[in-house]
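Undergrad: Structure below; questions to follow.
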Amino acid sequence: MNKKDYSRSQKSLIRFFCILGIVVEVLCVIRLFLRSDYNLGIPKINTIADFFNSDLCLTIIDASSFFIFIILLFIPQKFELFSLVAFIYSFKIIAVETVVDNPIGLLLYILGVSCLLYRGFYQKHCHIKTYITLLLFLGLLSLSLRFGLLCFINSLVITLGYGLTFLAAIFFTVNFLKIIYESKTARILDLSQYPELTLRDKEWLRDIIEEKKYEEIARDSGITIGTLKNRMHQIFLVIGVEDRIQLLATYGGYEVKF
C-alpha cells in the first residue's frame, strides 16, 4: 500500500493504536522501575545473557517503542514501524523467555508479519520472503533447545496450537464478514444499468418495491392510474419481469440504486 493510499479513517485508526501503545509503554516502564526497586537489575548484570534477561533490557525496548509510537502518531504513513515494535518484542520474548513461558511472543511475531503484509512487503518475491519469515521464526524457536529437547517440543506444540487457533479465527471471521458484505451488496437493484429508463421510471420502481399502491404513485405524479399502469408495463419488460407481483417477488426488500 502506498503512502498516498491511506485514508483519513485509516490514519486515525493508526493514531489510536499509537496512543494505546504509548499508554502501555509508559505503564510498562513504571512497572519495571517499581518491580526492580528503581535499579532495573543493573547490579546483577555480569554477562550478555544477564543483560537480555534484565529489566534494563526490557526498559530500553519499552523506551524505544515509546518513541516509535510518538513518531507514528505524527507520521502514521510510516506504518511499517509498527512491525518493528512487534518484532523487537517478539525476538526478545521468543529468544530469551521462550514461547513456552510467554506465548505472546508468537502473536507479536504474527502481528509484525501482518503489518508488513498490510504494507505490501510481500507483494514482490512473495515466496522467498515467506520462506525467510518462516525460517527466521524457526530459528528463534530453536534457541529454546538450550533448555532441553522437551522445551523445544513444547514450543512447537504451543506455536502450532496458538497459530492454528489464531489463523482459523481470522479465516472464519473474514469469511463471515465477506458473506455479510456479499449478501448486502447482492440485495441492491442497480437501475443505472438500464439507460432506457427515465429518472421518473426509476422512482416509480422504487416506490413499488417499497410497496406503495398505484393510486398513491399516480396521485403524487399527477397522472391517471391507467397511464401509470401502461408505462409500468413497459418498465417491467425493460428490467425483465412480467408484472408488479413478479417485481416484488424478485426484488422485494432490495435497495434501489439509480
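FYI, nothing fancy with the C-alpha cells labels: chains A, B, ... in order, residues from 1 per chain, ligands from 1 as they appear.
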Within 12 Å of segment 31-35 of chain A, counting only C-alpha atoms, which residues qualify if same-chain residues fewer than 2 places away don't, as an NGL selection string?
TA: :A and (24-29 or 37-42 or 54-63)
Undergrad: From the DSSP assignment of the backbone, select every residue of segment 58-165 of chain A that is alpha helix (DSSP H), and format the answer as a PyMOL selection string.
TA: chain A and resi 58-74+80-92+98-101+104-119+126-142+149-165
Undergrad: Measuring between only C-alpha atoms, which one of A:Leu73, A:Ile239, A:Gln246, A:Arg119 shows the shortest distance to Pro195 of chain A?
TA: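 Checking each candidate against Pro195 of chain A, we get A:Ile239 as the closest.
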Undergrad: Quick one: everything within 12 Å of Arg200 of chain A, counting only C-alpha atoms, minus sequence neighbours fewer than 4 positions away in the same chain. Send it as a PyMOL selection string.
TA: chain A and resi 191+196+204-207+217-218+220-221+228+231-232+235+258
Undergrad: Selected residues, C-alpha atoms, written as a short mmCIF file (atom, residue, chain, number, x, y, z; two decimals), in the first residue's frame, please.
TA:
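For reference, part-v5.cif as written:
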data_model
loop_
_atom_site.label_atom_id
_atom_site.label_comp_id
_atom_site.auth_asym_id
_atom_site.auth_seq_id
_atom_site.Cartn_x
_atom_site.Cartn_y
_atom_site.Cartn_z
CA LEU A 191 -31.11 0.74 -12.14
CA GLU A 196 -33.79 3.17 -21.28
CA TRP A 204 -41.79 4.58 -9.69
CA LEU A 205 -39.95 1.26 -9.47
CA ARG A 206 -38.54 2.27 -6.10
CA ASP A 207 -42.00 3.25 -4.88
CA ILE A 217 -47.98 6.89 -7.00
CA ALA A 218 -50.35 8.21 -9.67
CA ASP A 220 -48.16 12.05 -6.39
CA SER A 221 -47.10 12.10 -10.04
CA LEU A 228 -49.17 4.75 -14.86
CA ARG A 231 -45.92 2.85 -18.53
CA MET A 232 -45.16 0.35 -15.78
CA ILE A 235 -40.79 -0.67 -17.48
CA PHE A 258 -30.20 4.84 -9.54
#
Undergrad: Quick one: residues within 12 Å of Leu138 of chain A, only C-alpha atoms counted, chain neighbours fewer than 2 positions away excluded, as a compact mmCIF listing (two decimals) with C-alpha atoms, in the first residue's frame?
TA:
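What ended up in selection.txt:
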# COMPACT_ATOMS: atom_id res chain seq x y z
CA PHE A 91 12.52 -11.60 19.33
CA ILE A 94 10.97 -15.96 21.95
CA ALA A 95 14.77 -15.86 22.21
CA VAL A 99 7.22 -19.37 23.68
CA LEU A 106 4.25 -15.82 18.81
CA TYR A 109 5.60 -12.16 15.51
CA TYR A 131 10.32 -18.78 3.38
CA ILE A 132 12.66 -16.32 5.08
CA THR A 133 9.90 -15.32 7.51
CA LEU A 134 9.24 -18.97 8.43
CA LEU A 135 12.92 -19.87 8.68
CA LEU A 136 13.61 -16.86 10.90
CA LEU A 140 14.13 -18.24 17.06
CA LEU A 141 12.24 -21.32 18.26
CA SER A 142 15.35 -23.44 18.02
CA LEU A 143 17.01 -21.25 20.67
CA SER A 144 14.75 -22.98 23.18
CA LEU A 145 16.89 -26.11 22.65
CA PHE A 152 11.74 -27.12 22.15
CA ILE A 153 8.93 -29.63 21.53
CA SER A 155 7.50 -24.52 21.89
CA LEU A 156 6.50 -26.24 18.65
CA THR A 159 3.26 -22.44 18.20
CA LEU A 160 1.13 -24.84 16.18
Undergrad: List every residue of segment 16-258 of chain A that DSSP, applied to the backbone of this structure, places in strand (DSSP E), and write the result as a ChimeraX atom specification.
TA: /A:188-190,255-257
Undergrad: Keeping only N, CA, C and O atoms, take the residues you just selected and write them out as a CSV table (one decimal), in the first residue's frame.
TA:
chain,number,residue,atom,x,y,z
A,188,ILE,N,-29.1,-5.3,-3.9
A,188,ILE,CA,-29.2,-4.0,-4.4
A,188,ILE,C,-29.7,-4.1,-5.9
A,188,ILE,O,-29.1,-4.8,-6.7
A,189,LEU,N,-30.7,-3.4,-6.2
A,189,LEU,CA,-31.2,-3.3,-7.6
A,189,LEU,C,-30.6,-2.0,-8.2
A,189,LEU,O,-31.0,-0.9,-7.9
A,190,ASP,N,-29.6,-2.2,-9.1
A,190,ASP,CA,-28.9,-1.1,-9.7
A,190,ASP,C,-29.6,-0.7,-11.0
A,190,ASP,O,-29.4,-1.4,-12.0
A,255,GLU,N,-32.5,-2.7,-2.0
A,255,GLU,CA,-32.3,-1.3,-2.0
A,255,GLU,C,-32.2,-0.9,-3.5
A,255,GLU,O,-31.4,-1.5,-4.2
A,256,VAL,N,-32.9,0.2,-3.8
A,256,VAL,CA,-32.9,0.6,-5.2
A,256,VAL,C,-31.8,1.7,-5.4
A,256,VAL,O,-31.8,2.7,-4.7
A,257,LYS,N,-30.9,1.5,-6.4
A,257,LYS,CA,-29.9,2.4,-6.7
A,257,LYS,C,-30.0,2.9,-8.0
A,257,LYS,O,-30.2,2.2,-9.0
Undergrad: Could you jot down the atom CA of Cys151 of chain A to atom CA of Ile110 of chain A separation for me, Å, one decimal place?
TA: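 If I compute the distance from atom CA of Cys151 of chain A to atom CA of Ile110 of chain A, I get 21.0 Å.
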